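Since the structure comes first, as structure tokens, the remarks are kept for the end.
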There are 2 protein chains.
Amino acid sequence: MSQRDIGYHRQMARWQPDARGRLEAAAFELFRERSFEQTTVADIAARAGVDKRTFYRLFGDKREALFSGSGHLEEVLVKAVAETDAAPFEAVVAAFRRVAAEIFADRRELVRMRQSIIESSPELQERELRKTGAMMAAITAALRAKGLGETTATLAAESGGTVFRVAYARWVAPNSDASLADLIAEVASELRAITSPPGHAVGGVPRTTGDVD
Amino acid sequence: MSQRDIGYHRQMARWQPDARGRLEAAAFELFRERSFEQTTVADIAARAGVDKRTFYRLFGDKREALFSGSGHLEEVLVKAVAETDAAPFEAVVAAFRRVAAEIFADRRELVRMRQSIIESSPELQERELRKTGAMMAAITAALRAKGLGETTATLAAESGGTVFRVAYARWVAPNSDASLADLIAEVASELRAITSPPGHAVGGVPRTTGDVD
DNA sequence: CCTCGTGATGTCGCAAGGTGACATGGTTCA
DNA sequence: TGAACCATGTCACCTTGCGACATCACGAGG
């Protein structure tokens with residue numbers, strides 16, 4: 001069943017190395033070939049040459065195979081937020097622009113494929129929502145660690161996240177060619193315009209101190 | 001097993017009426033008594049006096065039993081947004097204040113119980129995220145129907161949603177007694193403060209007027 | 001060189017989520 | 001009276017996920 005007859009080359013370990021990587025790759029391929037729903041964990045394991053049980057030991061559940069990179073992303077984001085000393089919202093936007101350049105910039109095609117997989121499955125959409133939610137929470141925590149109040153921190157993190165999601169959606173869209181970092185800057189500016197006081201004057205906010213708890 | 005000795009009063013249908021309502025109630029009770037994970041669909045069905053298969057015909061999946069009201073909520077929200085003619089962000093905030101008064105105001109305790117159930121289960125959290133996401137999409141659509149651009153509509157809807165979520169979290173919190181509508185107004189004003197243009201020379205975004213698609 | 005422990009895997013079995021197909025029996029209308 | 005209807009119950013089955021136990025290469029000692 002598995003490949004026990006390998007072992008004729010150097011290392012010659014009992015099992016081929018990087019089971020995790022092979023499983024991620026197998027899952028990605030299969031989700032594209034068939035769909036997420038029509039791919040069985042057994043299928044993924046088979047293509048990766050391991051047992052179904054091994055898949056679960058490495059991933060927790062079928063969806064996780066597509067979200068392995070989110071940990072790293074969160075890490076970079078939190079560090080970026082912690083290191084800057086700009087105002088909360090600006091700090092978060094800057095952090096997103098940084099990951100845009102450091103992590104996403106060179107992977108547009110890959111991101112597009114991944115996105116199309118996610119969009120085809122409600123289950124994956126839910127998981128993505130949870131992952132981004134966790135990232136927002138991490139950013140909020142990082143902001144709070146800098147002395148900000150709960151509400152201010154949450155609002156800054158969530159708003160920044162909204163800006164990122166909108167920019168990201170545009171970036172991933174078919175005929176888009178602008179850089180993600182630029183799109184983020186644009187969207188952030190639009191958000192400022194939209195939330196500026198009812199009247200009109202997009203400039204000076206009429207007081208409304210942001211004094212939080 | 002099912003409903004044994006009923007049928008002595010008027011209608012006397014083959015089955016007790018409102019299977020859906022009984023299932024929702026049974027689920028709510030059981031999720032509180034044990035937890036979501038430790039409650040089986042079979043348990044819920046048994047308590048409601050119907051078969052497991054009936055549960056699935058009415059709900060789609062186990063989580064759905066807790067989110068039946070979201071349809072109504074979305075409906076009211078969309079209508080409120082469609083009927084006003086205020087600026088986008090203000091329109092969304094106003095819509096949320098309306099549902100706060102019309103739907104949530106009298107149900108704080110129930111909402112608290114429900115929230116504690118959701119917070120104890122990752123699966124339910126994911127589902128809630130998806131439901132709120134769907135509501136934001138509906139609001140975005142309502143805004144677009146009024147002639148707004150995709151980005152503006154999305155940003156207004158999402159920002160309004162963020163304001164609502166933060167206010168809601170405060171409202172549901174243990175020692176809170178302020179009204180949800182008031183909290184929403186407060187939080188909205190804080191968001192305006194946070195996103196108002198950087199003091200002055202912080203991070204002037206390069207150009208990028210808020211010109212939407 | 002043998003032995004034992006360790007760790008990543010494979011095997012087995014099973015509870016629970018979810019679904020298709022078909023059986024049932026009140027209700028309604030011709 | 002009878003047929004079409006329709007919400008339910010029944011049954012069989014697939015898949016997800018997990019606990020428990022068996023394996024076996026590899027490394028540390030004796």
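Ordering of the structure tokens sets the chain letters (A, B, ...), residue numbers begin anew at 1 in every chain, and ligands are numbered from 1 in the order given.
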
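When chain A is least-squares superimposed on chain B using all C-alpha positions, the deviation that remains is 2.4 Å RMSD.
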
So which bits of stretch 2-200 of chain B end up alpha helix (DSSP H) when you DSSP the backbone, as JSON, numbers by chain? {"B": [19, 20, 21, 22, 23, 24, 25, 26, 27, 28, 29, 30, 31, 32, 33, 41, 42, 43, 44, 45, 46, 47, 48, 52, 53, 54, 55, 56, 57, 58, 59, 70, 71, 72, 73, 74, 75, 76, 77, 78, 79, 80, 81, 82, 83, 88, 89, 90, 91, 92, 93, 94, 95, 96, 97, 98, 99, 108, 109, 110, 111, 112, 113, 114, 115, 116, 117, 118, 119, 122, 123, 124, 125, 126, 127, 128, 129, 130, 131, 132, 133, 134, 135, 136, 137, 138, 139, 140, 141, 142, 143, 144, 150, 151, 152, 153, 154, 155, 156, 157, 158, 159, 160, 161, 162, 163, 164, 165, 166, 167, 168, 169, 170, 171, 172, 180, 181, 182, 183, 184, 185, 186, 187, 188, 189, 190, 191, 192, 193, 194, 195]}

Restricting it to C-alpha atoms, dump the selection as a compact mmCIF listing (two decimals), in the first residue's frame.
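Heads up, here's the output in result-v6.txt:
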```txt
# COMPACT_ATOMS: atom_id res chain seq x y z
CA ALA B 19 -41.13 20.62 14.79
CA ARG B 20 -38.72 23.34 13.81
CA GLY B 21 -39.42 25.42 16.87
CA ARG B 22 -39.11 22.41 19.16
CA LEU B 23 -35.80 21.48 17.58
CA GLU B 24 -34.43 24.98 18.03
CA ALA B 25 -35.47 24.99 21.65
CA ALA B 26 -34.11 21.52 22.28
CA ALA B 27 -30.80 22.44 20.69
CA PHE B 28 -30.53 25.63 22.70
CA GLU B 29 -31.22 23.78 25.94
CA LEU B 30 -28.84 20.96 25.25
CA PHE B 31 -26.05 23.23 24.12
CA ARG B 32 -26.33 24.92 27.48
CA GLU B 33 -26.70 21.80 29.59
CA VAL B 41 -27.98 15.63 16.63
CA ALA B 42 -29.71 12.46 17.74
CA ASP B 43 -30.00 13.95 21.24
CA ILE B 44 -31.59 17.10 19.91
CA ALA B 45 -34.00 15.17 17.73
CA ALA B 46 -34.91 12.88 20.60
CA ARG B 47 -35.69 15.75 22.93
CA ALA B 48 -37.80 17.41 20.26
CA LYS B 52 -32.59 12.69 13.30
CA ARG B 53 -33.42 12.79 9.61
CA THR B 54 -36.09 15.38 10.24
CA PHE B 55 -33.57 17.60 11.92
CA TYR B 56 -31.42 17.57 8.82
CA ARG B 57 -34.35 18.25 6.57
CA LEU B 58 -35.12 21.37 8.56
CA PHE B 59 -31.63 22.64 9.30
CA SER B 70 -30.20 35.66 11.20
CA GLY B 71 -32.42 35.71 8.15
CA HIS B 72 -34.86 38.09 9.74
CA LEU B 73 -32.06 40.28 11.01
CA GLU B 74 -30.57 40.60 7.58
CA GLU B 75 -33.93 41.50 6.16
CA VAL B 76 -34.51 44.35 8.58
CA LEU B 77 -30.99 45.60 8.10
CA VAL B 78 -31.24 45.69 4.34
CA LYS B 79 -34.55 47.45 4.42
CA ALA B 80 -33.28 50.06 6.84
CA VAL B 81 -30.28 50.75 4.65
CA ALA B 82 -32.37 50.95 1.53
CA GLU B 83 -34.85 53.38 2.99
CA PRO B 88 -23.15 55.40 3.32
CA PHE B 89 -21.40 54.91 6.62
CA GLU B 90 -24.05 56.87 8.49
CA ALA B 91 -26.76 54.87 6.77
CA VAL B 92 -25.26 51.60 7.90
CA VAL B 93 -24.75 52.78 11.44
CA ALA B 94 -28.32 54.01 11.55
CA ALA B 95 -29.55 50.66 10.28
CA PHE B 96 -27.69 48.86 13.03
CA ARG B 97 -29.08 51.22 15.62
CA ARG B 98 -32.49 50.38 14.34
CA VAL B 99 -32.12 46.63 14.70
CA ARG B 108 -30.31 40.92 26.35
CA GLU B 109 -30.35 37.87 28.59
CA LEU B 110 -31.23 35.52 25.78
CA VAL B 111 -28.49 37.04 23.67
CA ARG B 112 -26.02 36.57 26.50
CA MET B 113 -26.84 32.90 26.82
CA ARG B 114 -26.58 32.42 23.10
CA GLN B 115 -23.29 34.22 23.00
CA SER B 116 -21.79 32.10 25.72
CA ILE B 117 -22.73 29.01 23.76
CA ILE B 118 -21.07 30.34 20.65
CA GLU B 119 -17.94 31.37 22.47
CA PRO B 122 -14.90 27.08 17.43
CA GLU B 123 -17.34 25.53 15.01
CA LEU B 124 -20.08 27.89 16.07
CA GLN B 125 -17.73 30.83 15.93
CA GLU B 126 -16.92 30.01 12.35
CA ARG B 127 -20.57 29.82 11.51
CA GLU B 128 -21.29 33.12 13.17
CA LEU B 129 -18.51 34.74 11.22
CA ARG B 130 -20.04 33.41 8.04
CA LYS B 131 -23.49 34.66 8.96
CA THR B 132 -22.29 38.14 9.75
CA GLY B 133 -20.23 38.06 6.61
CA ALA B 134 -23.35 37.28 4.62
CA MET B 135 -25.15 40.16 6.28
CA MET B 136 -22.35 42.53 5.37
CA ALA B 137 -22.57 41.32 1.80
CA ALA B 138 -26.31 41.94 1.80
CA ILE B 139 -25.80 45.44 3.14
CA THR B 140 -23.12 46.05 0.55
CA ALA B 141 -25.55 44.99 -2.14
CA ALA B 142 -28.23 47.29 -0.76
CA LEU B 143 -25.75 50.15 -0.83
CA ARG B 144 -24.70 49.36 -4.36
CA GLU B 150 -18.23 48.58 -4.97
CA THR B 151 -15.39 49.76 -2.78
CA THR B 152 -17.34 52.49 -1.07
CA ALA B 153 -20.24 50.17 -0.42
CA THR B 154 -18.04 47.42 0.97
CA LEU B 155 -16.08 49.77 3.15
CA ALA B 156 -19.20 51.38 4.58
CA ALA B 157 -20.85 48.04 5.24
CA GLU B 158 -17.78 46.46 6.81
CA SER B 159 -16.98 49.48 8.93
CA GLY B 160 -20.54 49.66 10.11
CA GLY B 161 -20.35 45.98 10.90
CA THR B 162 -17.18 46.48 12.87
CA VAL B 163 -18.80 49.22 14.88
CA PHE B 164 -21.74 46.99 15.56
CA ARG B 165 -19.63 44.03 16.63
CA VAL B 166 -17.60 46.11 19.04
CA ALA B 167 -20.68 47.74 20.51
CA TYR B 168 -22.40 44.39 20.69
CA ALA B 169 -19.47 42.87 22.55
CA ARG B 170 -19.65 45.64 25.10
CA TRP B 171 -23.41 45.33 25.40
CA VAL B 172 -23.25 41.62 26.01
CA LEU B 180 -26.99 48.86 22.46
CA ALA B 181 -28.11 51.78 20.32
CA ASP B 182 -26.16 54.21 22.46
CA LEU B 183 -23.09 52.04 22.43
CA ILE B 184 -23.22 51.87 18.66
CA ALA B 185 -23.28 55.65 18.45
CA GLU B 186 -20.33 55.89 20.79
CA VAL B 187 -18.24 53.36 18.99
CA ALA B 188 -19.03 54.90 15.63
CA SER B 189 -17.71 58.17 16.86
CA GLU B 190 -14.55 56.52 18.11
CA LEU B 191 -14.00 54.93 14.76
CA ARG B 192 -14.29 58.31 13.10
CA ALA B 193 -11.63 59.63 15.42
CA ILE B 194 -9.28 56.76 14.80
CA THR B 195 -9.46 56.92 11.05
```

Using only C-alpha atoms (C1' of nucleotides) and a distance of at most 12 Å, pull out the residues of chain C that contact chain A, as an MDAnalysis selection string. chainID C and resid 7:12

May I have a table of the residues of chain D lying at most 10 Å from chain B, giving each one's closest pair of atoms and their distance in Å to one decimal, counting only C-alpha atoms (C1' of nucleotides), ordered by chain and ascending residue number, as JSON lines?
```
{"residue": "D:DA7", "atom": "C1'", "partner": "B:Thr54", "partner_atom": "CA", "distance": 8.8}
{"residue": "D:DT8", "atom": "C1'", "partner": "B:Thr54", "partner_atom": "CA", "distance": 6.9}
{"residue": "D:DG9", "atom": "C1'", "partner": "B:Asp51", "partner_atom": "CA", "distance": 6.7}
{"residue": "D:DT10", "atom": "C1'", "partner": "B:Arg53", "partner_atom": "CA", "distance": 9.4}
```

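Closest approach to chain B among A:Ala100, A:Leu148, A:Ala87, A:Ala105 is made by A:Ala87 (distances from only C-alpha atoms).
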
When you look at C:DA15 with a cut-off of 12 Å (counting only C-alpha atoms (C1' of nucleotides)), what residues show up, excluding the ones that are within fewer than 5 positions of it in the same chain? I need them as a tab-separated table (two decimals) with N, CA and C atoms (P, O5', C5', C4', C3', O3' and C1' of nucleotides), in the first residue's frame.
```tsv
chain	number	residue	atom	x	y	z
B	38	GLN	N	-20.64	18.18	22.83
B	38	GLN	CA	-21.13	16.98	23.50
B	38	GLN	C	-22.61	16.73	23.28
B	40	THR	N	-25.41	15.58	20.64
B	40	THR	CA	-25.54	14.87	19.38
B	40	THR	C	-26.83	15.30	18.66
B	42	ALA	N	-28.72	13.45	17.32
B	42	ALA	CA	-29.71	12.46	17.74
B	42	ALA	C	-30.32	12.89	19.07
D	16	DT	P	-13.60	12.89	4.27
D	16	DT	O5'	-13.81	13.41	5.77
D	16	DT	C5'	-14.82	14.36	6.03
D	16	DT	C4'	-14.96	14.58	7.52
D	16	DT	C3'	-13.64	14.87	8.23
D	16	DT	O3'	-13.87	15.90	9.19
D	16	DT	C1'	-14.68	12.97	9.21
D	17	DG	P	-12.63	16.88	9.66
D	17	DG	O5'	-12.14	16.09	10.94
D	17	DG	C5'	-13.04	15.28	11.55
D	17	DG	C4'	-12.71	14.75	12.88
D	17	DG	C3'	-11.26	14.78	13.36
D	17	DG	O3'	-11.28	15.05	14.76
D	17	DG	C1'	-11.99	12.53	13.15
D	18	DC	P	-9.99	15.14	15.63
D	18	DC	O5'	-10.04	13.79	16.46
D	18	DC	C5'	-11.22	13.43	17.15
D	18	DC	C4'	-11.03	12.11	17.86
D	18	DC	C3'	-9.64	11.95	18.48
D	18	DC	O3'	-9.81	11.40	19.78
D	18	DC	C1'	-10.09	10.12	17.06
D	19	DG	P	-8.61	11.47	20.84
D	19	DG	O5'	-8.64	9.98	21.42
D	19	DG	C5'	-9.89	9.40	21.74
D	19	DG	C4'	-9.73	7.90	21.90
D	19	DG	C3'	-8.46	7.52	22.66
D	19	DG	O3'	-8.77	6.42	23.52
D	19	DG	C1'	-8.40	6.51	20.51
```

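Going from atom CA of B:Gly49 over to atom C1' of C:DA23, you cover 19.8 Å.
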
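Between atom CA of B:Glu64 and atom CA of A:Glu64 there is a distance of 22.2 Å.
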
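Minimum atom-to-atom distance to chain A, evaluated using only C-alpha atoms, belongs to B:Ala86 out of B:Ala86, B:Ala101, B:Ala13, B:Ala65.
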
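Taking atom CA of A:Ser121 and atom CA of A:Asn175 as endpoints, the distance between them is 23.1 Å.
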